[in-house]
file run-v6.cif (mmCIF, C-alpha atoms)
data_upload
loop_
_atom_site.group_PDB
_atom_site.id
_atom_site.type_symbol
_atom_site.label_atom_id
_atom_site.label_comp_id
_atom_site.auth_asym_id
_atom_site.auth_seq_id
_atom_site.Cartn_x
_atom_site.Cartn_y
_atom_site.Cartn_z
ATOM 1 C CA MET A 7 -58.120 -20.698 -5.226
ATOM 2 C CA VAL A 8 -60.196 -18.177 -7.198
ATOM 3 C CA GLN A 9 -60.580 -16.115 -4.036
ATOM 4 C CA TYR A 10 -56.833 -16.275 -3.409
ATOM 5 C CA GLN A 11 -56.167 -14.989 -6.941
ATOM 6 C CA ALA A 12 -58.831 -12.286 -6.574
ATOM 7 C CA ARG A 13 -57.202 -11.177 -3.303
ATOM 8 C CA LEU A 14 -53.800 -10.915 -5.010
ATOM 9 C CA ASP A 15 -55.360 -9.015 -7.953
ATOM 10 C CA ALA A 16 -56.954 -6.508 -5.565
ATOM 11 C CA SER A 17 -53.943 -5.978 -3.334
ATOM 12 C CA PHE A 18 -51.321 -5.688 -6.090
ATOM 13 C CA PHE A 19 -53.642 -3.224 -7.838
ATOM 14 C CA ALA A 20 -53.959 -1.267 -4.582
ATOM 15 C CA LEU A 21 -50.146 -1.177 -4.274
ATOM 16 C CA ALA A 22 -49.706 0.100 -7.856
ATOM 17 C CA ASP A 23 -50.039 3.747 -6.831
ATOM 18 C CA VAL A 24 -47.525 5.945 -5.029
ATOM 19 C CA THR A 25 -50.186 7.730 -2.924
ATOM 20 C CA ARG A 26 -51.779 4.465 -1.797
ATOM 21 C CA ARG A 27 -48.357 3.064 -0.853
ATOM 22 C CA GLY A 28 -47.702 6.301 1.049
ATOM 23 C CA VAL A 29 -51.027 5.966 2.906
ATOM 24 C CA LEU A 30 -50.111 2.406 3.958
ATOM 25 C CA GLU A 31 -46.683 3.578 5.165
ATOM 26 C CA LEU A 32 -48.311 6.364 7.184
ATOM 27 C CA LEU A 33 -51.000 4.103 8.666
ATOM 28 C CA GLY A 34 -48.208 1.690 9.588
ATOM 29 C CA ARG A 35 -47.130 4.388 12.029
ATOM 30 C CA THR A 36 -50.409 5.897 13.184
ATOM 31 C CA ASP A 37 -54.157 5.950 12.502
ATOM 32 C CA ALA A 38 -55.448 8.990 10.587
ATOM 33 C CA SER A 39 -58.693 10.575 9.405
ATOM 34 C CA ILE A 40 -59.415 10.858 5.680
ATOM 35 C CA THR A 41 -59.157 14.666 6.036
ATOM 36 C CA ASP A 42 -55.671 14.347 7.597
ATOM 37 C CA LEU A 43 -54.616 12.027 4.790
ATOM 38 C CA ALA A 44 -55.992 14.355 2.083
ATOM 39 C CA ASP A 45 -54.038 17.272 3.625
ATOM 40 C CA LYS A 46 -50.868 15.239 4.031
ATOM 41 C CA PHE A 47 -50.882 14.067 0.416
ATOM 42 C CA ARG A 48 -52.127 17.439 -0.939
ATOM 43 C CA MET A 49 -55.189 15.925 -2.480
ATOM 44 C CA THR A 50 -58.925 16.634 -2.581
ATOM 45 C CA LEU A 51 -61.101 14.797 -0.082
ATOM 46 C CA THR A 52 -62.862 13.072 -3.009
ATOM 47 C CA GLY A 53 -59.537 11.898 -4.461
ATOM 48 C CA MET A 54 -58.385 10.515 -1.108
ATOM 49 C CA LYS A 55 -61.749 8.801 -0.520
ATOM 50 C CA LYS A 56 -61.286 6.935 -3.811
ATOM 51 C CA HIS A 57 -57.815 5.756 -2.826
ATOM 52 C CA ILE A 58 -59.077 4.637 0.594
ATOM 53 C CA GLY A 59 -61.906 2.757 -1.164
ATOM 54 C CA VAL A 60 -59.373 0.815 -3.265
ATOM 55 C CA LEU A 61 -57.291 -0.002 -0.164
ATOM 56 C CA GLU A 62 -60.435 -1.030 1.738
ATOM 57 C CA ASP A 63 -61.581 -3.313 -1.109
ATOM 58 C CA ALA A 64 -58.200 -5.042 -0.891
ATOM 59 C CA GLY A 65 -58.589 -5.452 2.896
ATOM 60 C CA LEU A 66 -55.429 -3.409 3.482
ATOM 61 C CA VAL A 67 -57.199 -0.534 5.251
ATOM 62 C CA ALA A 68 -60.225 -0.480 7.566
ATOM 63 C CA THR A 69 -62.238 2.645 8.308
ATOM 64 C CA GLU A 70 -64.609 3.562 11.102
ATOM 65 C CA LYS A 71 -66.869 6.581 11.321
ATOM 66 C CA ILE A 72 -67.034 8.134 14.766
ATOM 67 C CA GLY A 73 -69.297 11.168 14.801
ATOM 68 C CA ARG A 74 -68.367 13.152 11.713
ATOM 69 C CA VAL A 75 -64.844 11.830 11.353
ATOM 70 C CA ARG A 76 -63.910 8.712 9.359
ATOM 71 C CA THR A 77 -60.736 7.229 10.815
ATOM 72 C CA CYS A 78 -58.474 4.919 8.804
ATOM 73 C CA ARG A 79 -56.258 2.216 10.212
ATOM 74 C CA LEU A 80 -54.487 -0.865 8.883
ATOM 75 C CA GLY A 81 -56.945 -3.498 7.681
ATOM 76 C CA PRO A 82 -57.213 -7.221 8.346
ATOM 77 C CA ARG A 83 -54.880 -8.260 5.500
ATOM 78 C CA ARG A 84 -51.180 -8.133 6.240
ATOM 79 C CA LEU A 85 -49.622 -8.571 2.754
ATOM 80 C CA GLU A 86 -48.456 -12.038 3.770
ATOM 81 C CA GLU A 87 -49.811 -13.778 0.663
ATOM 82 C CA GLU A 88 -48.241 -11.104 -1.520
ATOM 83 C CA LEU A 89 -44.858 -11.512 0.180
ATOM 84 C CA ALA A 90 -45.108 -15.297 -0.131
ATOM 85 C CA TRP A 91 -45.911 -15.028 -3.854
ATOM 86 C CA LEU A 92 -42.954 -12.725 -4.514
ATOM 87 C CA GLU A 93 -40.603 -14.909 -2.468
ATOM 88 C CA GLY A 94 -41.760 -18.035 -4.346
ATOM 89 C CA GLN A 95 -41.198 -16.280 -7.641
ATOM 90 C CA ARG A 96 -37.719 -15.211 -6.569
ATOM 91 C CA ARG A 97 -36.803 -18.746 -5.540
ATOM 92 C CA LEU A 98 -37.970 -19.980 -8.955
ATOM 93 C CA TRP A 99 -35.872 -17.385 -10.751
ATOM 94 C CA ASP A 100 -32.773 -18.000 -8.648
ATOM 95 C CA ALA A 101 -33.064 -21.738 -9.361
ATOM 96 C CA ARG A 102 -33.434 -20.959 -13.065
ATOM 97 C CA PHE A 103 -30.322 -18.775 -13.090
ATOM 98 C CA ASP A 104 -28.306 -21.347 -11.144
ATOM 99 C CA GLU A 105 -29.340 -23.877 -13.789
ATOM 100 C CA LEU A 106 -28.176 -21.571 -16.597
ATOM 101 C CA ASP A 107 -24.878 -21.051 -14.740
ATOM 102 C CA ASN A 108 -24.429 -24.826 -14.614
ATOM 103 C CA VAL A 109 -25.081 -25.120 -18.352
ATOM 104 C CA VAL A 110 -22.495 -22.408 -19.037
ATOM 105 C CA GLU A 111 -19.968 -24.156 -16.769
ATOM 106 C CA GLU A 112 -20.564 -27.471 -18.528
ATOM 107 C CA LEU A 113 -20.117 -25.849 -21.947
ATOM 108 C CA LYS A 114 -16.864 -24.247 -20.768
ATOM 109 C CA ALA A 115 -15.587 -27.562 -19.423
ATOM 110 C CA LYS A 116 -16.439 -29.310 -22.697
ATOM 111 C CA GLU A 117 -14.693 -26.617 -24.704
ATOM 112 C CA GLN A 118 -11.557 -26.874 -22.585
ATOM 113 C CA SER A 119 -11.419 -30.654 -22.853
ATOM 114 C CA HIS A 120 -11.963 -30.324 -26.609
ATOM 115 C CA ALA A 121 -9.130 -27.778 -26.861
ATOM 116 C CA ARG A 122 -6.894 -30.090 -24.799
ATOM 117 C CA ARG A 123 -7.617 -33.053 -27.062
ATOM 118 C CA LYS A 124 -6.785 -30.958 -30.131
ATOM 119 C CA LYS A 125 -3.411 -30.002 -28.588
ATOM 120 C CA GLU A 126 -2.471 -33.562 -27.719
ATOM 121 C CA MET B 81 -36.937 8.703 -6.394
ATOM 122 C CA VAL B 82 -39.646 9.472 -8.946
ATOM 123 C CA GLN B 83 -38.248 6.720 -11.165
ATOM 124 C CA TYR B 84 -38.232 4.300 -8.235
ATOM 125 C CA GLN B 85 -41.911 5.075 -7.544
ATOM 126 C CA ALA B 86 -42.763 4.778 -11.252
ATOM 127 C CA ARG B 87 -41.037 1.371 -11.343
ATOM 128 C CA LEU B 88 -43.080 0.178 -8.346
ATOM 129 C CA ASP B 89 -46.301 1.538 -9.922
ATOM 130 C CA ALA B 90 -45.596 -0.369 -13.144
ATOM 131 C CA SER B 91 -44.558 -3.648 -11.562
ATOM 132 C CA PHE B 92 -47.344 -3.835 -8.954
ATOM 133 C CA PHE B 93 -49.827 -3.025 -11.735
ATOM 134 C CA ALA B 94 -48.288 -5.811 -13.856
ATOM 135 C CA LEU B 95 -48.682 -8.232 -10.913
ATOM 136 C CA ALA B 96 -52.357 -7.303 -10.410
ATOM 137 C CA ASP B 97 -53.601 -9.878 -12.914
ATOM 138 C CA VAL B 98 -53.814 -13.658 -12.539
ATOM 139 C CA THR B 99 -52.747 -14.330 -16.152
ATOM 140 C CA ARG B 100 -49.717 -12.060 -15.920
ATOM 141 C CA ARG B 101 -48.666 -13.704 -12.639
ATOM 142 C CA GLY B 102 -49.110 -17.089 -14.347
ATOM 143 C CA VAL B 103 -46.925 -15.988 -17.270
ATOM 144 C CA LEU B 104 -44.163 -14.931 -14.848
ATOM 145 C CA GLU B 105 -44.394 -18.267 -13.033
ATOM 146 C CA LEU B 106 -44.145 -20.136 -16.352
ATOM 147 C CA LEU B 107 -41.235 -18.017 -17.632
ATOM 148 C CA GLY B 108 -39.512 -18.667 -14.303
ATOM 149 C CA ARG B 109 -39.282 -22.274 -15.496
ATOM 150 C CA THR B 110 -38.735 -21.917 -19.243
ATOM 151 C CA ASP B 111 -38.749 -19.392 -22.111
ATOM 152 C CA ALA B 112 -41.846 -19.433 -24.333
ATOM 153 C CA SER B 113 -43.216 -17.885 -27.518
ATOM 154 C CA ILE B 114 -46.257 -15.589 -27.349
ATOM 155 C CA THR B 115 -48.205 -18.225 -29.315
ATOM 156 C CA ASP B 116 -47.304 -20.909 -26.737
ATOM 157 C CA LEU B 117 -48.387 -18.593 -23.926
ATOM 158 C CA ALA B 118 -51.686 -17.724 -25.647
ATOM 159 C CA ASP B 119 -52.425 -21.471 -26.058
ATOM 160 C CA LYS B 120 -51.398 -22.292 -22.508
ATOM 161 C CA PHE B 121 -53.628 -19.596 -20.994
ATOM 162 C CA ARG B 122 -56.465 -20.166 -23.503
ATOM 163 C CA MET B 123 -56.358 -16.625 -24.752
ATOM 164 C CA THR B 124 -56.272 -14.845 -28.107
ATOM 165 C CA LEU B 125 -52.882 -13.839 -29.455
ATOM 166 C CA THR B 126 -53.971 -10.185 -29.210
ATOM 167 C CA GLY B 127 -54.947 -10.606 -25.554
ATOM 168 C CA MET B 128 -51.633 -12.270 -24.688
ATOM 169 C CA LYS B 129 -49.665 -9.601 -26.594
ATOM 170 C CA LYS B 130 -51.302 -6.933 -24.401
ATOM 171 C CA HIS B 131 -50.358 -8.777 -21.203
ATOM 172 C CA ILE B 132 -46.780 -9.242 -22.435
ATOM 173 C CA GLY B 133 -46.669 -5.503 -23.247
ATOM 174 C CA VAL B 134 -47.620 -4.640 -19.643
ATOM 175 C CA LEU B 135 -44.971 -7.052 -18.282
ATOM 176 C CA GLU B 136 -42.365 -5.647 -20.714
ATOM 177 C CA ASP B 137 -43.157 -2.044 -19.686
ATOM 178 C CA ALA B 138 -42.504 -3.069 -16.084
ATOM 179 C CA GLY B 139 -39.179 -4.673 -17.087
ATOM 180 C CA LEU B 140 -40.370 -8.061 -15.816
ATOM 181 C CA VAL B 141 -40.350 -9.746 -19.231
ATOM 182 C CA ALA B 142 -38.065 -9.298 -22.241
ATOM 183 C CA THR B 143 -38.968 -10.429 -25.760
ATOM 184 C CA GLU B 144 -36.890 -11.145 -28.847
ATOM 185 C CA LYS B 145 -38.108 -11.794 -32.361
ATOM 186 C CA ILE B 146 -36.206 -14.529 -34.181
ATOM 187 C CA GLY B 147 -37.595 -15.088 -37.663
ATOM 188 C CA ARG B 148 -41.345 -15.121 -37.251
ATOM 189 C CA VAL B 149 -41.416 -16.148 -33.606
ATOM 190 C CA ARG B 150 -41.360 -13.712 -30.672
ATOM 191 C CA THR B 151 -39.824 -15.450 -27.667
ATOM 192 C CA CYS B 152 -40.461 -14.252 -24.105
ATOM 193 C CA ARG B 153 -38.105 -14.670 -21.190
ATOM 194 C CA LEU B 154 -37.678 -13.106 -17.762
ATOM 195 C CA GLY B 155 -36.740 -9.431 -18.010
ATOM 196 C CA PRO B 156 -33.980 -7.397 -16.354
ATOM 197 C CA ARG B 157 -36.019 -6.564 -13.230
ATOM 198 C CA ARG B 158 -36.068 -9.203 -10.500
ATOM 199 C CA LEU B 159 -38.845 -7.909 -8.178
ATOM 200 C CA GLU B 160 -36.198 -7.032 -5.595
ATOM 201 C CA GLU B 161 -37.485 -3.506 -4.976
ATOM 202 C CA GLU B 162 -41.028 -4.835 -4.646
ATOM 203 C CA LEU B 163 -39.937 -7.487 -2.119
ATOM 204 C CA ALA B 164 -37.952 -4.873 -0.194
ATOM 205 C CA TRP B 165 -40.970 -2.541 -0.074
ATOM 206 C CA LEU B 166 -43.282 -5.294 1.205
ATOM 207 C CA GLU B 167 -40.725 -6.431 3.788
ATOM 208 C CA GLY B 168 -40.240 -2.846 4.995
ATOM 209 C CA GLN B 169 -43.993 -2.438 5.300
ATOM 210 C CA ARG B 170 -44.278 -5.664 7.254
ATOM 211 C CA ARG B 171 -41.527 -4.621 9.669
ATOM 212 C CA LEU B 172 -43.384 -1.329 10.226
ATOM 213 C CA TRP B 173 -46.640 -3.148 10.939
ATOM 214 C CA ASP B 174 -45.042 -5.699 13.235
ATOM 215 C CA ALA B 175 -43.412 -2.867 15.204
ATOM 216 C CA ARG B 176 -46.780 -1.104 15.397
ATOM 217 C CA PHE B 177 -48.520 -4.211 16.710
ATOM 218 C CA ASP B 178 -45.740 -4.892 19.213
ATOM 219 C CA GLU B 179 -46.233 -1.324 20.430
ATOM 220 C CA LEU B 180 -49.971 -1.874 20.832
ATOM 221 C CA ASP B 181 -49.243 -5.115 22.709
ATOM 222 C CA ASN B 182 -46.991 -3.166 25.066
ATOM 223 C CA VAL B 183 -49.712 -0.569 25.680
ATOM 224 C CA VAL B 184 -52.197 -3.355 26.467
ATOM 225 C CA GLU B 185 -49.686 -5.028 28.822
ATOM 226 C CA GLU B 186 -49.062 -1.708 30.614
ATOM 227 C CA LEU B 187 -52.791 -1.104 31.014
ATOM 228 C CA LYS B 188 -53.223 -4.623 32.418
ATOM 229 C CA ALA B 189 -50.334 -4.100 34.872
ATOM 230 C CA LYS B 190 -51.802 -0.767 36.008
ATOM 231 C CA GLU B 191 -55.215 -2.333 36.487
ATOM 232 C CA GLN B 192 -53.762 -5.183 38.551
ATOM 233 C CA SER B 193 -51.745 -2.859 40.770
ATOM 234 C CA HIS B 194 -54.849 -0.671 41.199
ATOM 235 C CA ALA B 195 -56.909 -3.746 42.186
ATOM 236 C CA ARG B 196 -54.172 -4.795 44.624
ATOM 237 C CA ARG B 197 -54.091 -1.363 46.275
ATOM 238 C CA LYS B 198 -57.876 -1.453 46.653
ATOM 239 C CA LYS B 199 -57.662 -4.820 48.419
ATOM 240 C CA GLU B 200 -54.931 -3.713 50.842
#

call {"tool": "encode", "arguments": {"input": "run-v6.cif", "output": "C-alpha cells"}}
result
Amino acid sequence: MVQYQARLDASFFALADVTRRGVLELLGRTDASITDLADKFRMTLTGMKKHIGVLEDAGLVATEKIGRVRTCRLGPRRLEEELAWLEGQRRLWDARFDELDNVVEELKAKEQSHARRKKE
Amino acid sequence: MVQYQARLDASFFALADVTRRGVLELLGRTDASITDLADKFRMTLTGMKKHIGVLEDAGLVATEKIGRVRTCRLGPRRLEEELAWLEGQRRLWDARFDELDNVVEELKAKEQSHARRKKE
C-alpha cells in the first residue's frame, strides 16, 4: 500500500511539468536520445537530463546507453494506476452530485406539496 | 493553451501527495472543516492549511469561512482535463505497442517464408 502511494506520488509529480508531459507524448510516438529531446524542447542537456531522471524515477521512461548515446523510451509503468485513481475519484464525485440533485428534487417536491396544501 | 498547461501543472502537482489525494477522496464523500481534516489525517492545522492551499490553487477544492469555521468542499475543477490527458497518452502508447507487435509479426512471417524457401 505504501509502495502504491509512493508510485502515485512519483508519477503525478513527474506529470506536473509541461516539458515532462511533452517528452512522454513524444516518446509515445518514437524513441529519442537525450540530445534530440534537449534540442526539441529548446533546453540545455543538463536541464533535459534532470527531467528524464524524474520520469525514470517514476518508471515512466527507461533509458539505455549505447556507445555515447543515451536513448530514451517509454518505461515499464503505463499510467494505469493513475488512470484508475482518477476514474475512481470521478465516480465518487458523480455519485455525490447525483445525491445532491436528489436532495434538491426532494426539497422542491416538499415545497410544492406545502404550497398546494396552503392553497387548499 | 498556456493556461491549459498551467492548469495541468497545478493539478498533477496537487495530486502528487498521499494526504492531498486522501483529502480529495474524503471530500468526494462529504464536506469537512480544516480542523476535521487535520484531525483525520493526524496533522497540524498549519500543515493541513498548506495542503488545502495547494488544492485550492489547482481549483480542486473550494473553501468558505462561516463564523470561525473554514469548510472545505470539492472545487470547480473535476479532473476532466487530467483524465483526458492520461487517456490520450494511453491510446498513443497502445497504438505504439500494436505497431511494434505488427513489426514483430512481419519479421516472424518473413523468417518463416525464408525458412520454407530454404527447405524447398

call {"tool": "closest_atom_pairs", "arguments": {"input": "run-v6.cif", "of": "chain B", "to": "chain A", "cutoff": "10 Å", "atoms": "only C-alpha atoms", "output": "JSON lines"}}
result
{"residue": "B:Val82", "atom": "CA", "partner": "A:Val24", "partner_atom": "CA", "distance": 9.5}
{"residue": "B:Tyr84", "atom": "CA", "partner": "A:Val24", "partner_atom": "CA", "distance": 10.0}
{"residue": "B:Gln85", "atom": "CA", "partner": "A:Val24", "partner_atom": "CA", "distance": 6.2}
{"residue": "B:Ala86", "atom": "CA", "partner": "A:Val24", "partner_atom": "CA", "distance": 7.9}
{"residue": "B:Arg87", "atom": "CA", "partner": "A:Ala22", "partner_atom": "CA", "distance": 9.4}
{"residue": "B:Leu88", "atom": "CA", "partner": "A:Ala22", "partner_atom": "CA", "distance": 6.6}
{"residue": "B:Asp89", "atom": "CA", "partner": "A:Ala22", "partner_atom": "CA", "distance": 4.2}
{"residue": "B:Ala90", "atom": "CA", "partner": "A:Ala22", "partner_atom": "CA", "distance": 6.7}
{"residue": "B:Ser91", "atom": "CA", "partner": "A:Ala22", "partner_atom": "CA", "distance": 7.4}
{"residue": "B:Phe92", "atom": "CA", "partner": "A:Ala22", "partner_atom": "CA", "distance": 4.7}
{"residue": "B:Phe93", "atom": "CA", "partner": "A:Ala22", "partner_atom": "CA", "distance": 5.0}
{"residue": "B:Ala94", "atom": "CA", "partner": "A:Phe18", "partner_atom": "CA", "distance": 8.3}
{"residue": "B:Leu95", "atom": "CA", "partner": "A:Phe18", "partner_atom": "CA", "distance": 6.1}
{"residue": "B:Ala96", "atom": "CA", "partner": "A:Asp15", "partner_atom": "CA", "distance": 4.2}
{"residue": "B:Asp97", "atom": "CA", "partner": "A:Asp15", "partner_atom": "CA", "distance": 5.3}
{"residue": "B:Val98", "atom": "CA", "partner": "A:Gln11", "partner_atom": "CA", "distance": 6.2}
{"residue": "B:Thr99", "atom": "CA", "partner": "A:Gln11", "partner_atom": "CA", "distance": 9.8}
{"residue": "B:Arg101", "atom": "CA", "partner": "A:Trp91", "partner_atom": "CA", "distance": 9.3}
{"residue": "B:Leu104", "atom": "CA", "partner": "A:Gln95", "partner_atom": "CA", "distance": 7.9}
{"residue": "B:Glu105", "atom": "CA", "partner": "A:Gln95", "partner_atom": "CA", "distance": 6.6}
{"residue": "B:Leu106", "atom": "CA", "partner": "A:Leu98", "partner_atom": "CA", "distance": 9.6}
{"residue": "B:Leu107", "atom": "CA", "partner": "A:Trp99", "partner_atom": "CA", "distance": 8.7}
{"residue": "B:Gly108", "atom": "CA", "partner": "A:Trp99", "partner_atom": "CA", "distance": 5.2}
{"residue": "B:Arg109", "atom": "CA", "partner": "A:Arg102", "partner_atom": "CA", "distance": 6.5}
{"residue": "B:Thr110", "atom": "CA", "partner": "A:Arg102", "partner_atom": "CA", "distance": 8.2}
{"residue": "B:Leu154", "atom": "CA", "partner": "A:Trp99", "partner_atom": "CA", "distance": 8.4}
{"residue": "B:Arg158", "atom": "CA", "partner": "A:Arg96", "partner_atom": "CA", "distance": 7.4}
{"residue": "B:Leu159", "atom": "CA", "partner": "A:Leu92", "partner_atom": "CA", "distance": 7.3}
{"residue": "B:Glu160", "atom": "CA", "partner": "A:Arg96", "partner_atom": "CA", "distance": 8.4}
{"residue": "B:Glu162", "atom": "CA", "partner": "A:Leu92", "partner_atom": "CA", "distance": 8.1}
{"residue": "B:Leu163", "atom": "CA", "partner": "A:Leu92", "partner_atom": "CA", "distance": 6.5}
{"residue": "B:Ala164", "atom": "CA", "partner": "A:Leu89", "partner_atom": "CA", "distance": 9.6}
{"residue": "B:Trp165", "atom": "CA", "partner": "A:Arg27", "partner_atom": "CA", "distance": 9.3}
{"residue": "B:Leu166", "atom": "CA", "partner": "A:Leu89", "partner_atom": "CA", "distance": 6.5}
{"residue": "B:Glu167", "atom": "CA", "partner": "A:Leu89", "partner_atom": "CA", "distance": 7.5}
{"residue": "B:Gly168", "atom": "CA", "partner": "A:Glu31", "partner_atom": "CA", "distance": 9.1}
{"residue": "B:Gln169", "atom": "CA", "partner": "A:Glu31", "partner_atom": "CA", "distance": 6.6}
{"residue": "B:Arg170", "atom": "CA", "partner": "A:Arg84", "partner_atom": "CA", "distance": 7.4}
{"residue": "B:Arg171", "atom": "CA", "partner": "A:Gly34", "partner_atom": "CA", "distance": 9.2}
{"residue": "B:Leu172", "atom": "CA", "partner": "A:Gly34", "partner_atom": "CA", "distance": 5.7}
{"residue": "B:Trp173", "atom": "CA", "partner": "A:Gly34", "partner_atom": "CA", "distance": 5.3}
{"residue": "B:Asp174", "atom": "CA", "partner": "A:Gly34", "partner_atom": "CA", "distance": 8.8}
{"residue": "B:Ala175", "atom": "CA", "partner": "A:Gly34", "partner_atom": "CA", "distance": 8.7}
{"residue": "B:Arg176", "atom": "CA", "partner": "A:Arg35", "partner_atom": "CA", "distance": 6.5}
{"residue": "B:Phe177", "atom": "CA", "partner": "A:Gly34", "partner_atom": "CA", "distance": 9.3}

call {"tool": "write_last_selection", "arguments": {"input": "run-v6.cif", "atoms": "C-alpha atoms", "output": "mmCIF file, in the frame of the given file"}}
result
data_model
loop_
_atom_site.group_PDB
_atom_site.id
_atom_site.type_symbol
_atom_site.label_atom_id
_atom_site.label_comp_id
_atom_site.auth_asym_id
_atom_site.auth_seq_id
_atom_site.Cartn_x
_atom_site.Cartn_y
_atom_site.Cartn_z
ATOM 1 C CA VAL B 82 -39.646 9.472 -8.946
ATOM 2 C CA TYR B 84 -38.232 4.300 -8.235
ATOM 3 C CA GLN B 85 -41.911 5.075 -7.544
ATOM 4 C CA ALA B 86 -42.763 4.778 -11.252
ATOM 5 C CA ARG B 87 -41.037 1.371 -11.343
ATOM 6 C CA LEU B 88 -43.080 0.178 -8.346
ATOM 7 C CA ASP B 89 -46.301 1.538 -9.922
ATOM 8 C CA ALA B 90 -45.596 -0.369 -13.144
ATOM 9 C CA SER B 91 -44.558 -3.648 -11.562
ATOM 10 C CA PHE B 92 -47.344 -3.835 -8.954
ATOM 11 C CA PHE B 93 -49.827 -3.025 -11.735
ATOM 12 C CA ALA B 94 -48.288 -5.811 -13.856
ATOM 13 C CA LEU B 95 -48.682 -8.232 -10.913
ATOM 14 C CA ALA B 96 -52.357 -7.303 -10.410
ATOM 15 C CA ASP B 97 -53.601 -9.878 -12.914
ATOM 16 C CA VAL B 98 -53.814 -13.658 -12.539
ATOM 17 C CA THR B 99 -52.747 -14.330 -16.152
ATOM 18 C CA ARG B 101 -48.666 -13.704 -12.639
ATOM 19 C CA LEU B 104 -44.163 -14.931 -14.848
ATOM 20 C CA GLU B 105 -44.394 -18.267 -13.033
ATOM 21 C CA LEU B 106 -44.145 -20.136 -16.352
ATOM 22 C CA LEU B 107 -41.235 -18.017 -17.632
ATOM 23 C CA GLY B 108 -39.512 -18.667 -14.303
ATOM 24 C CA ARG B 109 -39.282 -22.274 -15.496
ATOM 25 C CA THR B 110 -38.735 -21.917 -19.243
ATOM 26 C CA LEU B 154 -37.678 -13.106 -17.762
ATOM 27 C CA ARG B 158 -36.068 -9.203 -10.500
ATOM 28 C CA LEU B 159 -38.845 -7.909 -8.178
ATOM 29 C CA GLU B 160 -36.198 -7.032 -5.595
ATOM 30 C CA GLU B 162 -41.028 -4.835 -4.646
ATOM 31 C CA LEU B 163 -39.937 -7.487 -2.119
ATOM 32 C CA ALA B 164 -37.952 -4.873 -0.194
ATOM 33 C CA TRP B 165 -40.970 -2.541 -0.074
ATOM 34 C CA LEU B 166 -43.282 -5.294 1.205
ATOM 35 C CA GLU B 167 -40.725 -6.431 3.788
ATOM 36 C CA GLY B 168 -40.240 -2.846 4.995
ATOM 37 C CA GLN B 169 -43.993 -2.438 5.300
ATOM 38 C CA ARG B 170 -44.278 -5.664 7.254
ATOM 39 C CA ARG B 171 -41.527 -4.621 9.669
ATOM 40 C CA LEU B 172 -43.384 -1.329 10.226
ATOM 41 C CA TRP B 173 -46.640 -3.148 10.939
ATOM 42 C CA ASP B 174 -45.042 -5.699 13.235
ATOM 43 C CA ALA B 175 -43.412 -2.867 15.204
ATOM 44 C CA ARG B 176 -46.780 -1.104 15.397
ATOM 45 C CA PHE B 177 -48.520 -4.211 16.710
#

call {"tool": "residues_around", "arguments": {"input": "run-v6.cif", "residues": "B:Val134", "least_positions_apart": "2", "cutoff": "9 Å", "atoms": "all atoms listed in the file", "output": "list in words"}}
result
Ala90, Ser91, Phe93, Ala94, Arg100, Lys129, Lys130, His131, Ile132, Glu136, Asp137, Ala138, Gly139, Leu140 and Val141 of chain B

call {"tool": "atom_distance", "arguments": {"input": "run-v6.cif", "atom1": "atom CA of B:Ala195", "atom2": "atom CA of B:Glu179"}}
result
24.4 Å

call {"tool": "residues_near_point", "arguments": {"input": "run-v6.cif", "point": "(-59.9, 13.8, 11.0)", "cutoff": "10 Å", "atoms": "all atoms listed in the file", "output": "PyMOL selection string"}}
result
chain A and resi 37-44+72+74-78

call {"tool": "atom_distance", "arguments": {"input": "run-v6.cif", "atom1": "atom CA of B:Gly155", "atom2": "atom CA of B:Ala142"}}
result
4.4 Å

call {"tool": "build_atoms", "arguments": {"input": "run-v6.cif", "residues": "stretch 99-109 of chain B", "atoms": "N, CA and C atoms", "output": "CSV table (one decimal), keeping the file's coordinate frame"}}
result
chain,number,residue,atom,x,y,z
B,99,THR,N,-53.4,-13.8,-15.0
B,99,THR,CA,-52.7,-14.3,-16.2
B,99,THR,C,-51.3,-13.9,-16.2
B,100,ARG,N,-51.1,-12.6,-15.9
B,100,ARG,CA,-49.7,-12.1,-15.9
B,100,ARG,C,-48.9,-12.7,-14.8
B,101,ARG,N,-49.5,-13.0,-13.7
B,101,ARG,CA,-48.7,-13.7,-12.6
B,101,ARG,C,-48.3,-15.1,-13.1
B,102,GLY,N,-49.3,-15.7,-13.8
B,102,GLY,CA,-49.1,-17.1,-14.3
B,102,GLY,C,-48.0,-17.1,-15.4
B,103,VAL,N,-48.0,-16.1,-16.2
B,103,VAL,CA,-46.9,-16.0,-17.3
B,103,VAL,C,-45.6,-15.9,-16.6
B,104,LEU,N,-45.4,-15.1,-15.5
B,104,LEU,CA,-44.2,-14.9,-14.8
B,104,LEU,C,-43.7,-16.3,-14.2
B,105,GLU,N,-44.7,-17.0,-13.6
B,105,GLU,CA,-44.4,-18.3,-13.0
B,105,GLU,C,-43.9,-19.2,-14.1
B,106,LEU,N,-44.6,-19.2,-15.3
B,106,LEU,CA,-44.1,-20.1,-16.4
B,106,LEU,C,-42.8,-19.8,-16.9
B,107,LEU,N,-42.5,-18.5,-17.1
B,107,LEU,CA,-41.2,-18.0,-17.6
B,107,LEU,C,-40.1,-18.2,-16.6
B,108,GLY,N,-40.5,-18.3,-15.3
B,108,GLY,CA,-39.5,-18.7,-14.3
B,108,GLY,C,-39.0,-20.1,-14.5
B,109,ARG,N,-39.7,-20.9,-15.2
B,109,ARG,CA,-39.3,-22.3,-15.5
B,109,ARG,C,-38.7,-22.4,-16.9
